>>> print(open('work32.cif').read())   # mmCIF, C-alpha atoms
data_query
#
loop_
_atom_site.label_atom_id
_atom_site.label_comp_id
_atom_site.auth_asym_id
_atom_site.auth_seq_id
_atom_site.Cartn_x
_atom_site.Cartn_y
_atom_site.Cartn_z
CA MET A 28 25.47 -33.60 8.36
CA LYS A 29 24.37 -37.18 8.98
CA ARG A 30 22.89 -37.84 12.40
CA LYS A 31 24.80 -40.33 14.55
CA ARG A 32 22.73 -43.42 15.19
CA ASN A 33 21.93 -44.56 18.69
CA PRO A 34 22.98 -48.23 19.18
CA PHE A 35 19.37 -49.15 20.00
CA GLU A 36 18.47 -48.20 16.42
CA VAL A 37 20.89 -50.84 15.08
CA PHE A 38 18.74 -53.52 16.69
CA GLY A 39 15.50 -52.07 15.34
CA LEU A 40 14.10 -51.08 18.72
CA THR A 41 11.81 -48.06 18.94
CA PRO A 42 12.14 -45.47 21.71
CA ARG A 43 8.75 -46.59 23.04
CA ILE A 44 9.92 -50.21 23.53
CA VAL A 45 13.17 -49.05 25.12
CA ALA A 46 11.27 -46.78 27.51
CA ASP A 47 8.77 -49.46 28.56
CA LEU A 48 11.14 -52.37 29.33
CA PRO A 49 13.28 -52.74 32.50
CA ASP A 50 17.03 -52.64 31.93
CA GLU A 51 17.67 -56.37 32.53
CA VAL A 52 14.81 -57.47 30.29
CA LEU A 53 15.82 -54.98 27.62
CA PHE A 54 19.40 -56.26 27.60
CA LYS A 55 18.23 -59.87 27.24
CA LEU A 56 16.13 -58.81 24.25
CA ILE A 57 19.10 -57.01 22.69
CA ARG A 58 21.33 -60.05 23.18
CA SER A 59 18.78 -62.30 21.50
CA ILE A 60 18.42 -59.91 18.56
CA TYR A 61 22.20 -59.59 18.30
CA ARG A 62 22.74 -63.36 18.11
CA THR A 63 19.94 -63.79 15.60
CA LEU A 64 21.21 -61.03 13.30
CA GLN A 65 24.78 -62.33 13.45
CA LEU A 66 23.53 -65.63 12.06
CA VAL A 67 22.58 -63.66 8.98
CA HIS A 68 25.29 -60.99 8.70
CA HIS A 69 28.44 -62.72 10.04
CA PRO A 70 31.09 -63.12 7.30
CA ASP A 71 31.43 -66.82 8.10
CA LYS A 72 27.74 -67.17 7.20
CA GLY A 73 28.21 -65.28 3.96
CA GLY A 74 26.93 -62.01 5.36
CA ASP A 75 28.01 -58.37 5.13
CA PRO A 76 31.19 -57.66 7.16
CA LYS A 77 30.25 -54.00 7.61
CA LYS A 78 26.85 -54.89 9.03
CA ALA A 79 28.39 -57.49 11.31
CA LEU A 80 30.90 -54.92 12.59
CA GLU A 81 28.09 -52.43 13.23
CA LEU A 82 26.25 -55.06 15.26
CA ASN A 83 29.36 -55.83 17.30
CA LEU A 84 30.03 -52.16 18.09
CA ALA A 85 26.40 -51.53 19.02
CA PHE A 86 26.24 -54.59 21.27
CA ASP A 87 29.50 -53.59 22.94
CA LYS A 88 28.03 -50.16 23.78
CA LEU A 89 24.86 -51.74 25.16
CA ASN A 90 26.50 -54.56 27.13
CA PHE A 91 24.61 -54.08 30.37
CA GLU A 92 26.68 -56.73 32.18
CA LYS A 93 29.99 -54.97 31.46
CA ASP A 94 28.93 -51.32 31.51
CA PRO A 95 25.48 -50.68 33.06
CA ASP A 96 26.12 -46.93 33.30
CA GLY A 97 26.86 -46.69 29.59
CA PHE A 98 23.75 -48.76 28.85
CA ARG A 99 21.59 -46.38 30.89
CA ALA A 100 23.16 -43.32 29.25
CA TYR A 101 22.30 -44.57 25.75
CA LYS A 102 18.82 -45.54 26.93
CA LYS A 103 18.19 -42.10 28.42
CA ALA A 104 19.32 -40.34 25.24
CA TYR A 105 17.10 -42.60 23.12
CA VAL A 106 14.04 -42.13 25.33
CA GLU A 107 14.52 -38.34 25.27
CA ARG A 108 14.26 -38.53 21.51
CA LEU A 109 10.85 -40.12 21.98
CA SER A 110 9.87 -37.24 24.24
CA ARG A 111 10.92 -34.72 21.60
CA LYS A 112 9.03 -36.55 18.88
CA THR A 113 5.97 -36.82 21.08
CA LEU A 114 6.20 -33.14 21.97
CA TRP A 115 6.50 -32.09 18.34
CA LYS A 116 3.53 -34.28 17.45
CA GLU A 117 1.51 -32.67 20.23
CA VAL A 118 2.57 -29.22 19.03
CA GLU A 119 1.52 -30.07 15.46
CA ASP A 120 -1.83 -31.39 16.69
CA LEU A 121 -2.39 -28.27 18.79
CA GLU A 122 -1.50 -26.01 15.87
CA ALA A 123 -3.97 -27.85 13.64
CA GLN A 124 -6.64 -27.60 16.32
CA ASN A 125 -5.87 -23.90 16.80
CA ARG A 126 -6.23 -23.24 13.06
CA LYS A 127 -9.59 -24.98 13.07
CA LEU A 128 -10.82 -23.08 16.14
CA THR A 129 -9.56 -19.79 14.71
CA TYR A 130 -11.53 -20.42 11.53
CA ILE A 131 -14.65 -21.27 13.52
CA LEU A 132 -14.18 -18.18 15.71
CA GLU A 133 -13.85 -15.89 12.69
CA LEU A 134 -16.94 -17.48 11.17
CA LEU A 135 -18.90 -16.99 14.40
CA LYS A 136 -17.74 -13.37 14.63
CA GLU A 137 -18.97 -12.71 11.11
CA ARG A 138 -22.34 -14.34 11.81
CA PHE A 139 -22.64 -12.45 15.10
CA TRP A 140 -21.87 -9.18 13.36
CA GLN A 141 -24.58 -9.83 10.78
CA TYR A 142 -27.01 -10.41 13.63
CA LEU A 143 -25.96 -7.27 15.52
CA SER A 144 -25.99 -4.99 12.49
CA LEU A 145 -29.72 -5.67 12.10
CA GLY A 146 -30.33 -4.01 15.46
CA VAL A 147 -32.14 -6.94 17.04
CA GLY A 148 -30.74 -6.85 20.56
CA VAL A 149 -30.37 -3.90 22.92
CA GLY A 150 -33.44 -2.32 24.54
CA LYS A 151 -36.13 -4.58 23.09
CA GLU A 152 -37.62 -5.44 26.48
CA HIS A 153 -38.00 -1.73 27.29
CA PHE A 154 -39.55 -0.83 23.95
CA LYS A 155 -42.17 -3.56 24.28
CA LYS A 156 -43.36 -1.90 27.49
CA GLY A 157 -43.79 1.43 25.69
CA LEU A 158 -40.63 2.88 27.20
CA ALA A 159 -37.52 4.46 25.77
CA LEU A 160 -34.00 4.51 27.21
CA ARG A 161 -32.12 7.64 28.19
CA ILE A 162 -28.36 7.20 28.40
CA ASN A 163 -25.93 9.75 29.80
CA LEU A 164 -22.37 9.46 28.56
CA ILE A 165 -18.96 11.08 28.64
CA ASP A 166 -17.60 11.84 25.19
CA VAL A 167 -14.26 10.25 26.00
CA VAL A 168 -12.74 10.86 22.56
CA SER A 169 -13.40 14.62 22.66
CA GLN A 170 -12.23 14.70 26.26
CA LEU A 171 -8.98 13.03 25.29
CA ASN A 172 -8.46 15.30 22.28
CA TYR A 173 -9.43 18.64 23.82
CA GLY A 174 -9.54 18.18 27.58
CA GLN A 175 -6.27 19.98 28.16
CA PHE A 176 -7.59 23.05 26.30
CA THR A 177 -10.88 23.25 28.18
CA SER A 178 -11.47 25.13 31.42
CA LEU A 179 -13.16 23.35 34.31
CA ARG A 180 -16.33 25.41 33.96
CA ARG A 181 -16.74 24.17 30.39
CA ARG A 182 -16.19 20.48 31.03
CA HIS A 183 -19.92 19.93 30.39
CA THR A 184 -18.84 20.07 26.74
CA PHE A 185 -17.80 16.44 27.00
CA TYR A 186 -21.17 15.12 28.16
CA LYS A 187 -23.72 13.49 25.89
CA GLU A 188 -27.31 12.39 26.21
CA VAL A 189 -28.71 9.67 23.95
CA TRP A 190 -32.33 8.50 23.86
CA LEU A 191 -33.15 5.14 22.25
CA TRP A 192 -36.44 3.88 20.94
CA LYS A 193 -37.70 1.14 18.65
CA ASP A 194 -36.95 0.84 14.93
CA ASN A 195 -33.39 2.07 15.54
CA LEU A 196 -34.50 5.63 16.21
CA ALA A 197 -32.35 7.78 18.47
CA LEU A 198 -32.04 11.28 19.84
CA ARG A 199 -28.67 12.76 20.73
CA LYS A 200 -27.63 15.95 22.45
CA LYS A 201 -24.07 17.08 23.15
CA GLY A 202 -22.77 19.42 25.81
CA ASN A 203 -25.16 22.16 26.88
CA ARG A 204 -27.16 22.21 23.65
CA GLU A 205 -30.90 22.62 24.16
CA VAL A 206 -32.05 20.86 20.99
CA PHE A 207 -31.64 17.18 20.19
CA GLU A 208 -30.60 15.83 16.83
CA LYS A 209 -32.65 12.89 15.57
CA ILE A 210 -30.90 9.92 14.02
CA ARG A 211 -32.44 7.16 11.96
CA SER A 212 -30.84 3.73 11.50
CA TYR A 213 -28.99 4.17 14.80
CA THR A 214 -28.00 0.61 15.68
CA VAL A 215 -26.66 -0.04 19.17
CA LEU A 216 -24.25 -2.95 18.85
CA GLY A 217 -23.70 -3.28 22.59
CA THR A 218 -21.28 -2.24 25.29
CA ILE A 219 -17.87 -3.28 26.59
CA LYS A 220 -16.87 -2.91 30.21
CA ARG A 221 -14.29 -0.20 30.71
CA GLU A 222 -11.81 -2.45 32.54
CA HIS A 223 -11.97 -5.13 29.86
CA PHE A 224 -11.12 -3.15 26.77
CA PRO A 225 -9.08 0.00 26.02
CA PRO A 226 -10.40 1.21 22.63
CA TRP A 227 -7.75 3.87 21.93
CA PRO A 228 -5.31 1.78 19.84
CA LEU A 229 -8.13 0.76 17.48
CA LEU A 230 -9.63 4.19 16.79
CA SER A 231 -8.88 5.99 13.55
CA ARG A 232 -6.59 8.99 13.66
CA ASP A 233 -6.52 12.42 12.07
CA LEU A 234 -2.99 13.73 11.66
CA ASN A 235 -1.95 17.33 11.19
CA GLU A 236 1.29 19.25 11.49
CA GLU A 237 0.94 20.00 15.19
CA ARG A 238 -0.57 16.90 16.79
CA MET A 239 -2.65 13.78 16.31
CA PHE A 240 -6.40 13.67 16.99
CA LEU A 241 -8.38 10.51 17.61
CA LYS A 242 -11.64 9.95 15.77
CA ASP A 243 -14.65 8.40 17.45
CA CYS A 244 -14.77 5.52 14.95
CA MET A 245 -12.89 2.42 13.90
CA LYS A 246 -13.01 0.19 10.85
CA GLN A 247 -15.70 -2.47 10.90
CA GLU A 248 -13.20 -5.28 10.28
CA THR A 249 -11.04 -4.00 13.15
CA PHE A 250 -14.01 -4.00 15.50
CA ILE A 251 -15.01 -7.54 14.48
CA LYS A 252 -11.47 -8.84 14.91
CA GLU A 253 -10.45 -7.09 18.13
CA ALA A 254 -13.55 -5.96 20.04
CA LEU A 255 -16.49 -8.20 19.20
CA PHE A 256 -15.34 -10.86 21.65
CA PHE A 257 -15.81 -8.44 24.60
CA LEU A 258 -19.21 -7.12 23.53
CA THR A 259 -22.24 -7.51 25.80
CA PRO A 260 -25.91 -6.49 25.28
CA GLU A 261 -26.04 -4.87 28.72
CA VAL A 262 -26.42 -1.09 28.74
CA ARG A 263 -24.88 -0.20 32.08
CA PRO A 264 -22.71 2.52 33.64
CA ASN A 265 -18.94 2.23 33.29
CA HIS A 266 -19.33 0.58 29.87
CA TYR A 267 -18.29 1.92 26.47
CA LEU A 268 -21.24 2.23 24.07
CA PHE A 269 -20.64 1.16 20.46
CA VAL A 270 -23.06 2.03 17.66
CA TYR A 271 -23.41 1.48 13.94
CA HIS A 272 -25.00 3.62 11.23
CA GLN A 273 -26.41 2.06 8.07
CA SER A 274 -25.17 5.05 6.06
CA LEU A 275 -21.59 4.38 7.24
CA LYS A 276 -21.40 0.62 6.89
CA ASP A 277 -17.61 0.37 7.03
CA TRP A 278 -17.36 2.06 10.43
CA VAL A 279 -18.23 1.40 14.07
CA PHE A 280 -18.57 4.39 16.40
CA LEU A 281 -17.59 4.78 20.04
CA GLU A 282 -20.42 6.92 21.40
CA GLY A 283 -18.86 7.33 24.82
CA LEU A 284 -18.58 5.99 28.35
CA ILE A 285 -21.97 5.41 29.98
CA THR A 286 -22.52 7.16 33.32
CA LYS A 287 -26.27 6.68 33.80
CA VAL A 288 -29.15 4.70 32.26
CA GLU A 289 -32.84 5.23 32.95
CA GLU A 290 -36.21 4.48 31.40
CA VAL A 291 -38.35 7.29 29.99
CA SER A 292 -41.78 7.26 28.41
CA ALA A 293 -42.21 6.90 24.68
CA VAL A 294 -44.40 10.02 24.81
CA ASP A 295 -41.43 12.08 26.00
CA PHE A 296 -39.28 10.56 23.29
CA LEU A 297 -41.76 11.48 20.56
CA LYS A 298 -42.14 14.97 21.98
CA HIS A 299 -38.41 15.60 21.66
CA TRP A 300 -38.31 13.81 18.32
CA ASN A 301 -40.81 16.21 16.79
CA GLN A 302 -38.74 19.17 17.98
CA ALA A 303 -35.33 17.73 17.09
CA GLU A 304 -33.08 18.72 14.23
CA GLU A 305 -32.28 16.26 11.48
CA SER A 306 -28.86 14.71 12.00
CA PRO A 307 -26.31 15.03 9.17
CA ILE A 308 -25.25 11.43 9.79
CA SER A 309 -27.86 10.12 7.34
CA ASN A 310 -25.94 11.68 4.47
CA SER A 311 -22.53 11.31 6.01
CA THR A 312 -19.35 9.77 4.68
CA PRO A 313 -16.24 8.60 6.54
CA GLU A 314 -14.54 11.91 5.75
CA LYS A 315 -17.46 13.89 7.18
CA ALA A 316 -17.47 11.62 10.21
CA LYS A 317 -14.17 13.04 11.46
CA GLN A 318 -14.07 14.29 15.01
CA SER A 319 -14.69 18.05 14.91
CA PHE A 320 -13.63 20.65 17.43
CA PRO A 321 -16.52 21.43 19.83
CA GLU A 322 -18.09 24.83 19.22
CA GLU A 323 -18.23 25.63 22.94
CA LEU A 324 -14.45 25.65 23.14
#
>>> encode(input="work32.cif", output="structure tokens")
Amino acid sequence: MKRKRNPFEVFGLTPRIVADLPDEVLFKLIRSIYRTLQLVHHPDKGGDPKKALELNLAFDKLNFEKDPDGFRAYKKAYVERLSRKTLWKEVEDLEAQNRKLTYILELLKERFWQYLSLGVGVGKEHFKKGLALRINLIDVVSQLNYGQFTSLRRRHTFYKEVWLWKDNLALRKKGNREVFEKIRSYTVLGTIKREHFPPWPLLSRDLNEERMFLKDCMKQETFIKEALFFLTPEVRPNHYLFVYHQSLKDWVFLEGLITKVEEVSAVDFLKHWNQAEESPISNSTPEKAKQSFPEEL
């Protein structure tokens, strides 16, 4: 369906000109254009009768002296068209800018991930002083999966203790176990404040006939896309701790919710390291990384 022309278009006036000129001045301009064009298009001058009629009808609609209200109505409608065009142009510009910023953001995320996966951030200042970090955590994934089946006296099952030292070495102990497991290539990516980020929708799931269990890991690309923006190098209470294992490069692990952080001597770390059991994570696969039911339950 052909759009009906506004009479201002007949005289070749743009919405910008119509918007900028006062009504009286605008009408004088229209009258001058009308008289000039009729010298060309009037049938007595050898012009096109249809074009001359169009000019007459348009001028009659915009005759400010006879019908100022009609003039203002056509002007308002024409200026609103300018507003719509301007708005659409602004929307297009914003969309183009958003696409560019999105590309830059994704590129920065990828570069940041490459930096983090090398393990060059968390704890360095402590390690230089000959100290290790001891972190107490709540295993929030196990608590969510099995908390309703666990008696109050066995809630210690959901507590973890992680010791960090240089060269991405770590010790980890779950529940009331006496012996640590030692983990190599244990890369701490950082932490995310509890109030800023609920990780549950992003975690992988293990489905069975009776119910669904959450795993303590998510896909690397999911973490980069959804969580990396919130990540901080601070290791502080009330923050979720996220780690990465070189043997499981496609996955990022939620170690737990930090409750306490303290410095310990490297001597104590090495003492426990020499007595610790080798962790199966070094030879693990995503299937073996599934959340398992705690033995204490």
>>> resolve_selection(input="work32.cif", expression="the PyMOL selection byres ((chain A and resi 281-284) around 6)", output="PyMOL selection string")
chain A and resi 164-167+243-244+266-269+280+285
>>> resolve_selection(input="work32.cif", expression="the PyMOL selection byres ((chain A and resi 297) around 12)", output="PDB file with C-alpha atoms, in the frame of the given file")
ATOM      1  CA  GLY A 157     -43.790   1.430  25.690  1.00  0.00           C
ATOM      2  CA  LEU A 158     -40.630   2.880  27.200  1.00  0.00           C
ATOM      3  CA  ALA A 159     -37.520   4.460  25.770  1.00  0.00           C
ATOM      4  CA  TRP A 190     -32.330   8.500  23.860  1.00  0.00           C
ATOM      5  CA  LEU A 191     -33.150   5.140  22.250  1.00  0.00           C
ATOM      6  CA  TRP A 192     -36.440   3.880  20.940  1.00  0.00           C
ATOM      7  CA  LYS A 193     -37.700   1.140  18.650  1.00  0.00           C
ATOM      8  CA  LEU A 196     -34.500   5.630  16.210  1.00  0.00           C
ATOM      9  CA  ALA A 197     -32.350   7.780  18.470  1.00  0.00           C
ATOM     10  CA  LEU A 198     -32.040  11.280  19.840  1.00  0.00           C
ATOM     11  CA  PHE A 207     -31.640  17.180  20.190  1.00  0.00           C
ATOM     12  CA  LYS A 209     -32.650  12.890  15.570  1.00  0.00           C
ATOM     13  CA  VAL A 291     -38.350   7.290  29.990  1.00  0.00           C
ATOM     14  CA  SER A 292     -41.780   7.260  28.410  1.00  0.00           C
ATOM     15  CA  ALA A 293     -42.210   6.900  24.680  1.00  0.00           C
ATOM     16  CA  VAL A 294     -44.400  10.020  24.810  1.00  0.00           C
ATOM     17  CA  ASP A 295     -41.430  12.080  26.000  1.00  0.00           C
ATOM     18  CA  PHE A 296     -39.280  10.560  23.290  1.00  0.00           C
ATOM     19  CA  LYS A 298     -42.140  14.970  21.980  1.00  0.00           C
ATOM     20  CA  HIS A 299     -38.410  15.600  21.660  1.00  0.00           C
ATOM     21  CA  TRP A 300     -38.310  13.810  18.320  1.00  0.00           C
ATOM     22  CA  ASN A 301     -40.810  16.210  16.790  1.00  0.00           C
ATOM     23  CA  GLN A 302     -38.740  19.170  17.980  1.00  0.00           C
ATOM     24  CA  ALA A 303     -35.330  17.730  17.090  1.00  0.00           C
TER      25      ALA A 303
END
>>> resolve_selection(input="work32.cif", expression="the PyMOL selection byres ((chain A and resi 43) around 10)", output="list in words")
Leu40, Thr41, Pro42, Ile44, Val45, Ala46, Asp47, Leu48, Tyr105, Val106, Arg108, Leu109 and Ser110 of chain A
>>> closest_residue(input="work32.cif", among="A:Pro70, A:Pro34, A:Gly97, A:Pro260", to="Leu82 of chain A", atoms="all atoms listed in the file")
A:Pro34
>>> atom_distance(input="work32.cif", atom1="atom CA of Leu135 of chain A", atom2="atom CA of Lys116 of chain A")
28.5 Å
>>> residues_around(input="work32.cif", residues="Gln273 of chain A", least_positions_apart="3", cutoff="8 Å", atoms="only C-alpha atoms", output="MDAnalysis selection string")
chainID A and resid 212:214 276
>>> atom_distance(input="work32.cif", atom1="atom CA of Tyr101 of chain A", atom2="atom CA of Lys88 of chain A")
8.2 Å
>>> residues_around(input="work32.cif", residues="Phe54 of chain A", least_positions_apart="3", cutoff="10 Å", atoms="only C-alpha atoms", output="list in words")
Val45, Leu48, Pro49, Asp50, Glu51, Ile57, Arg58, Ser59, Ile60, Phe86, Leu89, Asn90, Phe91, Glu92, Pro95 and Phe98 of chain A
>>> atom_distance(input="work32.cif", atom1="atom CA of Ile162 of chain A", atom2="atom CA of Leu216 of chain A")
14.5 Å
>>> axis_aligned_box(input="work32.cif", around="segment 214-219 of chain A", padding_each_side="5 Å", output="AutoDock Vina command-line options")
--center_x -22.9 --center_y -1.3 --center_z 21.1 --size_x 20.1 --size_y 13.9 --size_z 20.9
